[in-house]
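Raw contents of upload34.cif, mmCIF, C-alpha atoms:
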data_data
loop_
_atom_site.label_atom_id
_atom_site.label_comp_id
_atom_site.auth_asym_id
_atom_site.auth_seq_id
_atom_site.Cartn_x
_atom_site.Cartn_y
_atom_site.Cartn_z
CA MET A 19 -10.80 12.01 15.10
CA LYS A 20 -9.52 8.68 16.36
CA ASN A 21 -12.93 7.17 17.17
CA LYS A 22 -14.02 7.99 13.62
CA ILE A 23 -11.29 5.89 11.99
CA SER A 24 -10.66 2.15 11.95
CA VAL A 25 -7.54 1.08 10.06
CA LEU A 26 -6.20 -2.46 9.93
CA VAL A 27 -3.55 -4.46 8.05
CA THR A 28 -3.81 -8.10 9.03
CA SER A 29 -3.08 -11.67 8.03
CA GLU A 30 -6.41 -12.67 9.60
CA LYS A 31 -9.54 -13.00 7.45
CA LEU A 32 -11.21 -9.59 6.95
CA ASN A 33 -14.70 -9.17 8.38
CA ILE A 34 -17.36 -7.13 6.55
CA GLN A 35 -19.64 -7.02 9.61
CA THR A 36 -16.84 -5.56 11.77
CA CYS A 37 -16.34 -2.68 9.31
CA TYR A 38 -20.09 -2.12 8.97
CA ASP A 39 -20.64 -2.11 12.73
CA PHE A 40 -17.76 0.34 13.27
CA VAL A 41 -19.19 2.99 10.91
CA LYS A 42 -22.90 2.47 11.70
CA ASP A 43 -24.50 5.42 13.54
CA ASP A 44 -28.02 6.69 14.16
CA SER A 45 -27.11 10.09 12.69
CA CYS A 46 -26.27 8.55 9.32
CA GLY A 47 -28.64 7.98 6.44
CA GLY A 48 -26.33 5.73 4.48
CA ILE A 49 -23.32 3.45 4.55
CA THR A 50 -21.21 2.60 1.50
CA LEU A 51 -19.22 -0.58 1.52
CA PHE A 52 -16.50 -1.43 -0.99
CA VAL A 53 -15.32 -5.02 -0.89
CA GLY A 54 -12.38 -6.03 -3.05
CA THR A 55 -12.35 -9.69 -4.09
CA VAL A 56 -9.71 -11.91 -5.65
CA ARG A 57 -10.55 -12.48 -9.33
CA ASN A 58 -10.00 -15.86 -11.00
CA GLU A 59 -8.33 -14.46 -14.10
CA SER A 60 -5.66 -11.93 -15.06
CA TYR A 61 -3.96 -11.34 -18.42
CA GLN A 62 -6.26 -14.07 -19.81
CA LYS A 63 -4.62 -16.54 -17.46
CA LYS A 64 -6.11 -18.52 -14.61
CA VAL A 65 -5.04 -17.12 -11.23
CA THR A 66 -4.20 -19.76 -8.64
CA LEU A 67 -3.26 -17.53 -5.69
CA LEU A 68 -2.60 -13.92 -4.75
CA ASN A 69 0.03 -12.89 -2.26
CA PHE A 70 -0.05 -9.47 -0.60
CA SER A 71 3.12 -8.25 1.05
CA THR A 72 3.20 -4.98 2.95
CA TYR A 73 5.48 -2.45 4.57
CA LYS A 74 3.14 -2.74 7.50
CA ALA A 75 4.18 0.20 9.69
CA MET A 76 4.03 2.61 6.76
CA ALA A 77 0.90 1.03 5.25
CA VAL A 78 -0.98 1.63 8.50
CA LYS A 79 0.23 5.26 8.53
CA GLU A 80 -0.79 5.81 4.91
CA LEU A 81 -4.22 4.23 5.43
CA ASN A 82 -4.72 6.50 8.41
CA ASN A 83 -3.71 9.52 6.28
CA ILE A 84 -6.35 8.54 3.69
CA ALA A 85 -9.01 8.27 6.39
CA VAL A 86 -8.07 11.66 7.87
CA GLN A 87 -8.19 13.23 4.40
CA ALA A 88 -11.58 11.65 3.64
CA LEU A 89 -13.00 13.01 6.91
CA ALA A 90 -11.65 16.47 6.04
CA ASP A 91 -12.85 16.55 2.43
CA PHE A 92 -16.28 14.90 2.63
CA THR A 93 -19.23 15.26 4.99
CA ILE A 94 -18.94 11.78 6.44
CA LEU A 95 -19.08 10.49 10.00
CA LYS A 96 -16.84 7.42 10.13
CA ILE A 97 -14.54 5.40 7.90
CA ALA A 98 -13.03 1.93 8.16
CA ILE A 99 -10.26 0.72 5.86
CA HIS A 100 -9.09 -2.86 6.39
CA HIS A 101 -6.52 -4.60 4.18
CA ALA A 102 -5.32 -8.20 4.20
CA GLU A 103 -1.76 -9.49 3.86
CA GLY A 104 -0.41 -12.92 3.05
CA ASP A 105 -1.83 -15.57 0.69
CA LEU A 106 -5.41 -15.17 -0.58
CA LYS A 107 -7.46 -17.57 -2.68
CA ILE A 108 -10.01 -16.83 -5.42
CA GLY A 109 -13.02 -15.08 -3.85
CA ASP A 110 -11.14 -14.05 -0.71
CA ILE A 111 -11.30 -10.41 0.40
CA PRO A 112 -8.11 -8.31 0.24
CA VAL A 113 -9.75 -4.98 1.13
CA ILE A 114 -12.88 -3.56 2.78
CA ILE A 115 -13.77 0.13 2.95
CA ALA A 116 -16.86 1.24 4.86
CA VAL A 117 -18.04 4.85 5.09
CA SER A 118 -21.04 6.28 6.92
CA ALA A 119 -22.55 9.71 6.25
CA PRO A 120 -25.74 11.65 6.93
CA HIS A 121 -26.35 11.68 3.14
CA ARG A 122 -25.37 9.10 0.52
CA ASP A 123 -23.52 11.34 -1.92
CA ALA A 124 -20.64 12.03 0.47
CA ALA A 125 -20.45 8.36 1.46
CA PHE A 126 -20.10 7.23 -2.18
CA LYS A 127 -17.52 9.90 -2.99
CA ALA A 128 -15.40 9.29 0.12
CA CYS A 129 -15.42 5.54 -0.51
CA GLN A 130 -14.27 6.03 -4.10
CA PHE A 131 -11.58 8.48 -2.95
CA ALA A 132 -10.33 6.01 -0.35
CA ILE A 133 -9.95 3.01 -2.66
CA ASP A 134 -8.45 5.09 -5.51
CA THR A 135 -5.89 6.69 -3.19
CA LEU A 136 -5.10 3.37 -1.49
CA LYS A 137 -4.21 1.88 -4.87
CA LYS A 138 -1.84 4.77 -5.63
CA SER A 139 -0.05 5.37 -2.36
CA VAL A 140 -0.25 2.60 0.25
CA PRO A 141 2.88 0.38 0.35
CA ILE A 142 1.23 -2.96 -0.36
CA TRP A 143 2.30 -5.26 -3.19
CA LYS A 144 0.30 -7.91 -4.98
CA LYS A 145 1.91 -10.95 -6.56
CA GLU A 146 -0.34 -12.95 -8.88
CA HIS A 147 0.42 -16.64 -9.11
CA PHE A 148 -0.48 -18.70 -12.18
CA ASN A 149 0.09 -22.35 -13.04
CA ASP A 150 3.19 -21.34 -15.02
CA GLY A 151 4.72 -18.68 -12.79
CA ALA A 152 4.01 -15.43 -10.94
CA ILE A 153 4.18 -11.68 -11.54
CA TRP A 154 4.34 -8.57 -9.36
CA VAL A 155 1.32 -6.44 -10.33
CA ASN A 156 2.11 -2.89 -11.61
CA ALA A 157 5.84 -3.63 -11.60
CA HIS A 158 6.17 -4.03 -15.36
CA PRO A 159 6.03 -0.75 -17.29
CA MET B 12 28.32 6.21 5.78
CA ILE B 13 26.59 2.86 5.50
CA VAL B 14 22.99 3.24 4.39
CA LYS B 15 20.67 0.32 5.13
CA LEU B 16 17.62 -0.01 2.92
CA LEU B 17 14.43 -1.98 3.47
CA VAL B 18 13.33 -3.65 0.26
CA PHE B 19 9.81 -4.63 -0.83
CA GLY B 20 7.79 -6.07 -3.71
CA ILE B 21 9.62 -6.80 -6.96
CA PHE B 22 12.77 -5.29 -5.45
CA THR B 23 13.11 -8.33 -3.20
CA ASP B 24 13.56 -10.38 -6.39
CA ILE B 25 15.99 -7.88 -7.95
CA PHE B 26 18.14 -7.57 -4.80
CA GLY B 27 17.59 -11.13 -3.62
CA ALA B 28 16.98 -9.83 -0.07
CA ASN B 29 14.58 -7.90 2.17
CA GLN B 30 17.32 -5.55 3.29
CA VAL B 31 20.52 -4.27 1.68
CA GLY B 32 23.31 -1.94 2.79
CA PHE B 33 25.62 0.32 0.80
CA GLU B 34 28.62 2.47 1.68
CA LEU B 35 27.75 5.92 0.32
CA PRO B 36 29.45 9.33 0.35
CA THR B 37 27.96 12.03 2.61
CA PRO B 38 25.98 14.20 2.44
CA ILE B 39 23.57 12.38 0.16
CA ASN B 40 19.99 13.25 -0.67
CA ILE B 41 17.10 11.07 -1.84
CA GLY B 42 17.52 12.02 -5.50
CA GLN B 43 21.19 11.01 -5.39
CA LEU B 44 20.33 7.74 -3.63
CA LYS B 45 17.75 6.96 -6.34
CA ALA B 46 20.33 7.64 -9.05
CA PHE B 47 22.84 5.39 -7.25
CA ILE B 48 20.33 2.53 -7.02
CA ALA B 49 19.21 2.95 -10.65
CA LYS B 50 22.82 2.88 -11.85
CA LYS B 51 23.83 -0.11 -9.74
CA PHE B 52 20.66 -2.07 -10.53
CA PRO B 53 19.52 -1.06 -14.05
CA GLN B 54 16.40 -3.24 -13.73
CA THR B 55 15.05 -0.75 -11.16
CA GLU B 56 15.33 2.32 -13.37
CA ALA B 57 12.17 1.80 -15.45
CA LEU B 58 10.09 1.16 -12.32
CA ASN B 59 9.87 4.78 -11.15
CA PHE B 60 10.27 3.78 -7.51
CA ALA B 61 9.82 6.01 -4.47
CA ILE B 62 11.83 6.18 -1.26
CA ALA B 63 10.37 6.45 2.22
CA VAL B 64 12.26 7.87 5.19
CA ASP B 65 10.95 6.96 8.63
CA GLU B 66 7.76 5.54 7.05
CA THR B 67 6.93 8.68 5.06
CA TYR B 68 7.41 9.34 1.33
CA ALA B 69 10.49 11.54 0.89
CA ASP B 70 11.21 14.32 -1.62
CA ASP B 71 14.35 14.16 -3.76
CA ASP B 72 16.08 17.01 -1.95
CA LEU B 73 15.85 15.47 1.54
CA ILE B 74 19.29 14.72 3.04
CA ILE B 75 19.61 11.27 4.58
CA ASN B 76 20.95 10.70 8.09
CA GLU B 77 22.54 7.50 9.30
CA ASN B 78 19.95 6.59 11.94
CA GLN B 79 16.88 6.87 9.70
CA ILE B 80 14.75 4.00 8.40
CA ILE B 81 15.00 4.13 4.63
CA ALA B 82 12.84 1.98 2.35
CA LEU B 83 12.69 1.45 -1.40
CA ILE B 84 9.07 1.53 -2.57
CA PRO B 85 8.45 0.02 -6.01
CA PRO B 86 5.06 0.72 -7.70
CA VAL B 87 2.35 -0.31 -5.23
CA SER B 88 -0.55 -2.62 -6.04
CA GLY B 89 -2.77 -2.96 -3.00
CA GLY B 90 -6.54 -3.20 -3.07
#

Could you write out this structure as C-alpha cells?
Amino acid sequence: MKNKISVLVTSEKLNIQTCYDFVKDDSCGGITLFVGTVRNESYQKKVTLLNFSTYKAMAVKELNNIAVQALADFTILKIAIHHAEGDLKIGDIPVIIAVSAPHRDAAFKACQFAIDTLKKSVPIWKKEHFNDGAIWVNAHP
Amino acid sequence: MIVKLLVFGIFTDIFGANQVGFELPTPINIGQLKAFIAKKFPQTEALNFAIAVDETYADDDLIINENQIIALIPPVSGG
C-alpha cells in the first residue's frame, strides 16, 4: 500500500511534475491531475494573500486515510496528495492531487473523491487577506 | 485534572493563543469538553467545532485521559 501513496504537507513550493512522476505507470491508461490555485478575488474583494495553517501531524494522517480509502473504493493504481502551508500568492498552488488508473473513469472519480474529502476533513485552515483585513474561510456560519 | 488543548484556525484569534489549559473535573468526555468550551467562549458555539484526540477525530462519548494530545478543530478550509 505504501508505495502506492505519496502524501505531503510542506512549506516548500508544490511540484506538479513530482506528483505526476510518482503516479505514472506503464499499466495505466490515464492520469488525472487536480491543481488548486489561489484565486485573485473572494466575496467580490481583491485577495492580496492566502495563509494556510495546518495541524501537520494530523493533516498527514488524514491525507493518508483519504488515499487509503481511494485505493480501496476505486480501481486505481497510485495516488499523490500534496498540500502547501504558509503564505501563498495569487496563482500559487495550495494543493495537487494526482491519480493513475488502468481506465480513466476510476481516475476521475478517485480524484474528485480525494479533493472533496480533503476539503471536509483535513485539519488545514485558510485565511484570506484583503487590503482592508483578513478572514478565516468557512469559520463564519 | 488539567487538560491542555492545541488550538488552530479562528480559535487562535478567539483564545489569543496556540495552546490553552483548563482545570476540569474527572471523568470528562468529549461532549462535556465541547459544552465547557462553548459555555466559556460563546463565540465558539456557532462554529460546530470538532475535537481530535491523539490526532484522530473523537466521538462525544470518548473519555479523556490526562496524557492525551487534545486539539480543538474549527471548520476546516484546506484545498

- Might you pull out every residue within 8 Å of Val64 of chain B, with all atoms listed in the file counted and same-chain residues fewer than 4 positions away left off, and present them as a list in words?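 Counting only the stated atoms, we get Tyr68, Ala69, Gln79, Ile80, Ile81 and Ala82 of chain B.
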
- Could you please determine the separation between atom CA of Ala128 of chain A and atom CA of Gly109 of chain A in Å, to one decimal place?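 Atom CA of Gly109 of chain A lies 24.8 Å from atom CA of Ala128 of chain A.
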
Tell me, counting all atoms listed in the file, for each residue of chain A within 8 Å of chain B, which pair of atoms is nearest and how far apart they are in Å to one decimal, in rows ordered by chain and increasing number, as CSV.
residue,atom,partner,partner_atom,distance
A:Gly54,CA,B:Gly90,CA,6.5
A:Phe70,CA,B:Gly89,CA,7.5
A:Ser71,CA,B:Gly20,CA,7.0
A:Thr72,CA,B:Phe19,CA,7.6
A:Tyr73,CA,B:Phe19,CA,7.3
A:Ala75,CA,B:Glu66,CA,6.9
A:Met76,CA,B:Glu66,CA,4.8
A:Lys79,CA,B:Glu66,CA,7.7
A:His101,CA,B:Gly90,CA,7.4
A:Pro112,CA,B:Gly90,CA,6.3
A:Val113,CA,B:Gly90,CA,5.6
A:Ile133,CA,B:Gly90,CA,7.1
A:Leu136,CA,B:Gly90,CA,6.9
A:Lys137,CA,B:Gly89,CA,5.4
A:Lys138,CA,B:Val87,CA,6.6
A:Ser139,CA,B:Val87,CA,6.8
A:Val140,CA,B:Val87,CA,6.7
A:Pro141,CA,B:Val87,CA,5.6
A:Ile142,CA,B:Gly89,CA,4.8
A:Trp143,CA,B:Ser88,CA,4.8
A:Lys144,CA,B:Ser88,CA,5.5
A:Trp154,CA,B:Ile21,CA,6.1
A:Val155,CA,B:Ser88,CA,6.0
A:Asn156,CA,B:Pro86,CA,6.1
A:Ala157,CA,B:Pro86,CA,5.9
A:His158,CA,B:Leu58,CA,7.2
A:Pro159,CA,B:Leu58,CA,6.7

- Query: Do you have the atom CA of Ile153 of chain A-atom CA of Ile111 of chain A distance handy?
  - Reply: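 Separation of atom CA of Ile153 of chain A and atom CA of Ile111 of chain A: 19.6 Å.
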
- Could you give me, as a ChimeraX atom specification, the residues within 10 Å of Leu68 of chain A, counting only C-alpha atoms and dropping anything in the same chain fewer than 4 positions from it? /A:56-58,103-108,110,112,144-148,152-154

- Separation of atom CA of Ala98 of chain A and atom CA of Ser24 of chain A, in Å?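 Distance reported for this atom pair: 4.5 Å.
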
Which centre and edge lengths in Å to one decimal define the box along x, y and z that fits every listed atom of segment 25-33 of chain A plus 4 Å per side, as JSON?
{"center_x": -8.9, "center_y": -6.0, "center_z": 8.5, "size_x": 19.6, "size_y": 22.1, "size_z": 11.1}

- Item | the PyMOL selection byres ((chain A and resi 127) around 10) resolved against shown file, as a ChimeraX atom specification | /A:50,88,91-94,117,122-126,128-132

- Long-range neighbours of Ile75 of chain B as a count of residues only, 12 Å cut-off, only C-alpha atoms, 5 positions minimum in chain: 25

When you look at Met19 of chain A with a cut-off of 12 Å (counting only C-alpha atoms), what residues show up, excluding the ones that are within fewer than 5 positions of it in the same chain? I need them as a PDB file with C-alpha atoms, keeping the file's coordinate frame.
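That gives us part_19.pdb:
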ATOM      1  CA  SER A  24     -10.660   2.150  11.950  1.00  0.00           C
ATOM      2  CA  ASN A  82      -4.720   6.500   8.410  1.00  0.00           C
ATOM      3  CA  ASN A  83      -3.710   9.520   6.280  1.00  0.00           C
ATOM      4  CA  ALA A  85      -9.010   8.270   6.390  1.00  0.00           C
ATOM      5  CA  VAL A  86      -8.070  11.660   7.870  1.00  0.00           C
ATOM      6  CA  GLN A  87      -8.190  13.230   4.400  1.00  0.00           C
ATOM      7  CA  ALA A  88     -11.580  11.650   3.640  1.00  0.00           C
ATOM      8  CA  LEU A  89     -13.000  13.010   6.910  1.00  0.00           C
ATOM      9  CA  ALA A  90     -11.650  16.470   6.040  1.00  0.00           C
ATOM     10  CA  ILE A  94     -18.940  11.780   6.440  1.00  0.00           C
ATOM     11  CA  LEU A  95     -19.080  10.490  10.000  1.00  0.00           C
ATOM     12  CA  LYS A  96     -16.840   7.420  10.130  1.00  0.00           C
ATOM     13  CA  ILE A  97     -14.540   5.400   7.900  1.00  0.00           C
TER      14      ILE A  97
END

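Proximity to Ala61 of chain B was assessed for B:Asn76, B:Glu34, B:Leu83, B:Ala28 counting only C-alpha atoms; the smallest distance is recorded for B:Leu83.
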
- Task: Check which residues satisfy the PyMOL selection byres ((chain A and resi 41-43) around 9) in the file shown, then give them as a list in words.
- Result: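 Applied to this file, the PyMOL selection byres ((chain A and resi 41-43) around 9) returns Lys22, Ile23, Ser24, Thr36, Cys37, Tyr38, Asp39, Phe40, Asp44, Ser45, Cys46, Gly47, Gly48, Ile49, Leu95, Lys96, Ile97, Ala98, Ala116, Val117, Ser118 and Ala119 of chain A.
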
- Task: Extract, using only C-alpha atoms, all DNA, RNA and protein residues at most 6 Å from Ile114 of chain A, discarding same-chain residues fewer than 5 positions from it, and format them as a ChimeraX atom specification.
- Result: /A:52-53,99-100

Export N, CA and C atoms of segment 48-82 of chain B from the structure just given, as a PDB file, in the first residue's frame?
ATOM      1  N   ILE B  48     -16.243  24.325  26.622  1.00  0.00           N
ATOM      2  CA  ILE B  48     -15.602  25.331  25.759  1.00  0.00           C
ATOM      3  C   ILE B  48     -16.650  26.309  25.226  1.00  0.00           C
ATOM      4  N   ALA B  49     -17.785  25.751  24.758  1.00  0.00           N
ATOM      5  CA  ALA B  49     -18.831  26.599  24.163  1.00  0.00           C
ATOM      6  C   ALA B  49     -19.399  27.575  25.197  1.00  0.00           C
ATOM      7  N   LYS B  50     -19.479  27.111  26.455  1.00  0.00           N
ATOM      8  CA  LYS B  50     -20.023  27.979  27.503  1.00  0.00           C
ATOM      9  C   LYS B  50     -19.016  29.074  27.879  1.00  0.00           C
ATOM     10  N   LYS B  51     -17.762  28.667  27.990  1.00  0.00           N
ATOM     11  CA  LYS B  51     -16.721  29.615  28.408  1.00  0.00           C
ATOM     12  C   LYS B  51     -16.397  30.619  27.303  1.00  0.00           C
ATOM     13  N   PHE B  52     -16.473  30.168  26.061  1.00  0.00           N
ATOM     14  CA  PHE B  52     -16.171  31.036  24.911  1.00  0.00           C
ATOM     15  C   PHE B  52     -17.349  31.002  23.939  1.00  0.00           C
ATOM     16  N   PRO B  53     -18.392  31.813  24.192  1.00  0.00           N
ATOM     17  CA  PRO B  53     -19.627  31.746  23.393  1.00  0.00           C
ATOM     18  C   PRO B  53     -19.395  31.943  21.888  1.00  0.00           C
ATOM     19  N   GLN B  54     -18.291  32.607  21.522  1.00  0.00           N
ATOM     20  CA  GLN B  54     -18.020  32.797  20.085  1.00  0.00           C
ATOM     21  C   GLN B  54     -17.792  31.470  19.372  1.00  0.00           C
ATOM     22  N   THR B  55     -17.396  30.425  20.138  1.00  0.00           N
ATOM     23  CA  THR B  55     -17.072  29.140  19.501  1.00  0.00           C
ATOM     24  C   THR B  55     -18.317  28.305  19.222  1.00  0.00           C
ATOM     25  N   GLU B  56     -19.425  28.632  19.880  1.00  0.00           N
ATOM     26  CA  GLU B  56     -20.578  27.734  19.866  1.00  0.00           C
ATOM     27  C   GLU B  56     -21.168  27.555  18.465  1.00  0.00           C
ATOM     28  N   ALA B  57     -21.258  28.659  17.704  1.00  0.00           N
ATOM     29  CA  ALA B  57     -21.881  28.604  16.374  1.00  0.00           C
ATOM     30  C   ALA B  57     -20.982  27.927  15.346  1.00  0.00           C
ATOM     31  N   LEU B  58     -19.731  27.633  15.729  1.00  0.00           N
ATOM     32  CA  LEU B  58     -18.770  27.140  14.734  1.00  0.00           C
ATOM     33  C   LEU B  58     -18.811  25.628  14.515  1.00  0.00           C
ATOM     34  N   ASN B  59     -19.550  24.903  15.376  1.00  0.00           N
ATOM     35  CA  ASN B  59     -19.667  23.468  15.194  1.00  0.00           C
ATOM     36  C   ASN B  59     -18.281  22.798  15.081  1.00  0.00           C
ATOM     37  N   PHE B  60     -17.443  23.039  16.075  1.00  0.00           N
ATOM     38  CA  PHE B  60     -16.077  22.544  16.016  1.00  0.00           C
ATOM     39  C   PHE B  60     -15.990  21.065  16.419  1.00  0.00           C
ATOM     40  N   ALA B  61     -14.917  20.437  15.986  1.00  0.00           N
ATOM     41  CA  ALA B  61     -14.652  19.042  16.347  1.00  0.00           C
ATOM     42  C   ALA B  61     -13.485  19.013  17.326  1.00  0.00           C
ATOM     43  N   ILE B  62     -13.295  17.852  17.948  1.00  0.00           N
ATOM     44  CA  ILE B  62     -12.142  17.662  18.831  1.00  0.00           C
ATOM     45  C   ILE B  62     -11.388  16.412  18.385  1.00  0.00           C
ATOM     46  N   ALA B  63     -10.077  16.538  18.317  1.00  0.00           N
ATOM     47  CA  ALA B  63      -9.241  15.383  17.972  1.00  0.00           C
ATOM     48  C   ALA B  63      -8.477  14.942  19.211  1.00  0.00           C
ATOM     49  N   VAL B  64      -8.387  13.640  19.404  1.00  0.00           N
ATOM     50  CA  VAL B  64      -7.588  13.060  20.475  1.00  0.00           C
ATOM     51  C   VAL B  64      -6.498  12.204  19.834  1.00  0.00           C
ATOM     52  N   ASP B  65      -5.262  12.515  20.192  1.00  0.00           N
ATOM     53  CA  ASP B  65      -4.112  11.816  19.592  1.00  0.00           C
ATOM     54  C   ASP B  65      -4.208  11.793  18.064  1.00  0.00           C
ATOM     55  N   GLU B  66      -4.528  12.954  17.508  1.00  0.00           N
ATOM     56  CA  GLU B  66      -4.513  13.183  16.041  1.00  0.00           C
ATOM     57  C   GLU B  66      -5.591  12.413  15.288  1.00  0.00           C
ATOM     58  N   THR B  67      -6.672  12.068  15.990  1.00  0.00           N
ATOM     59  CA  THR B  67      -7.807  11.398  15.348  1.00  0.00           C
ATOM     60  C   THR B  67      -9.102  12.045  15.847  1.00  0.00           C
ATOM     61  N   TYR B  68     -10.061  12.259  14.922  1.00  0.00           N
ATOM     62  CA  TYR B  68     -11.343  12.829  15.338  1.00  0.00           C
ATOM     63  C   TYR B  68     -11.993  11.943  16.395  1.00  0.00           C
ATOM     64  N   ALA B  69     -12.509  12.569  17.456  1.00  0.00           N
ATOM     65  CA  ALA B  69     -13.060  11.809  18.581  1.00  0.00           C
ATOM     66  C   ALA B  69     -14.573  11.955  18.657  1.00  0.00           C
ATOM     67  N   ASP B  70     -15.253  10.857  19.050  1.00  0.00           N
ATOM     68  CA  ASP B  70     -16.698  10.899  19.289  1.00  0.00           C
ATOM     69  C   ASP B  70     -16.976  11.525  20.647  1.00  0.00           C
ATOM     70  N   ASP B  71     -18.235  12.025  20.790  1.00  0.00           N
ATOM     71  CA  ASP B  71     -18.612  12.744  22.009  1.00  0.00           C
ATOM     72  C   ASP B  71     -18.514  11.896  23.278  1.00  0.00           C
ATOM     73  N   ASP B  72     -18.658  10.587  23.155  1.00  0.00           N
ATOM     74  CA  ASP B  72     -18.675   9.768  24.372  1.00  0.00           C
ATOM     75  C   ASP B  72     -17.283   9.273  24.809  1.00  0.00           C
ATOM     76  N   LEU B  73     -16.258   9.662  24.092  1.00  0.00           N
ATOM     77  CA  LEU B  73     -14.895   9.240  24.471  1.00  0.00           C
ATOM     78  C   LEU B  73     -14.434   9.972  25.737  1.00  0.00           C
ATOM     79  N   ILE B  74     -13.955   9.210  26.717  1.00  0.00           N
ATOM     80  CA  ILE B  74     -13.437   9.793  27.965  1.00  0.00           C
ATOM     81  C   ILE B  74     -11.982  10.232  27.746  1.00  0.00           C
ATOM     82  N   ILE B  75     -11.671  11.420  28.242  1.00  0.00           N
ATOM     83  CA  ILE B  75     -10.329  11.975  28.038  1.00  0.00           C
ATOM     84  C   ILE B  75      -9.393  11.553  29.177  1.00  0.00           C
ATOM     85  N   ASN B  76      -8.168  11.199  28.811  1.00  0.00           N
ATOM     86  CA  ASN B  76      -7.127  10.932  29.810  1.00  0.00           C
ATOM     87  C   ASN B  76      -6.098  12.066  29.802  1.00  0.00           C
ATOM     88  N   GLU B  77      -5.395  12.182  30.917  1.00  0.00           N
ATOM     89  CA  GLU B  77      -4.507  13.316  31.116  1.00  0.00           C
ATOM     90  C   GLU B  77      -3.357  13.391  30.105  1.00  0.00           C
ATOM     91  N   ASN B  78      -2.850  12.214  29.698  1.00  0.00           N
ATOM     92  CA  ASN B  78      -1.640  12.221  28.858  1.00  0.00           C
ATOM     93  C   ASN B  78      -1.927  12.270  27.352  1.00  0.00           C
ATOM     94  N   GLN B  79      -3.178  12.518  26.978  1.00  0.00           N
ATOM     95  CA  GLN B  79      -3.507  12.525  25.554  1.00  0.00           C
ATOM     96  C   GLN B  79      -3.319  13.913  24.933  1.00  0.00           C
ATOM     97  N   ILE B  80      -3.086  13.900  23.609  1.00  0.00           N
ATOM     98  CA  ILE B  80      -2.967  15.171  22.876  1.00  0.00           C
ATOM     99  C   ILE B  80      -4.362  15.539  22.380  1.00  0.00           C
ATOM    100  N   ILE B  81      -4.881  16.636  22.897  1.00  0.00           N
ATOM    101  CA  ILE B  81      -6.251  17.024  22.553  1.00  0.00           C
ATOM    102  C   ILE B  81      -6.205  18.332  21.763  1.00  0.00           C
ATOM    103  N   ALA B  82      -6.952  18.371  20.658  1.00  0.00           N
ATOM    104  CA  ALA B  82      -6.926  19.553  19.792  1.00  0.00           C
ATOM    105  C   ALA B  82      -8.340  19.993  19.436  1.00  0.00           C
TER     106      ALA B  82
END
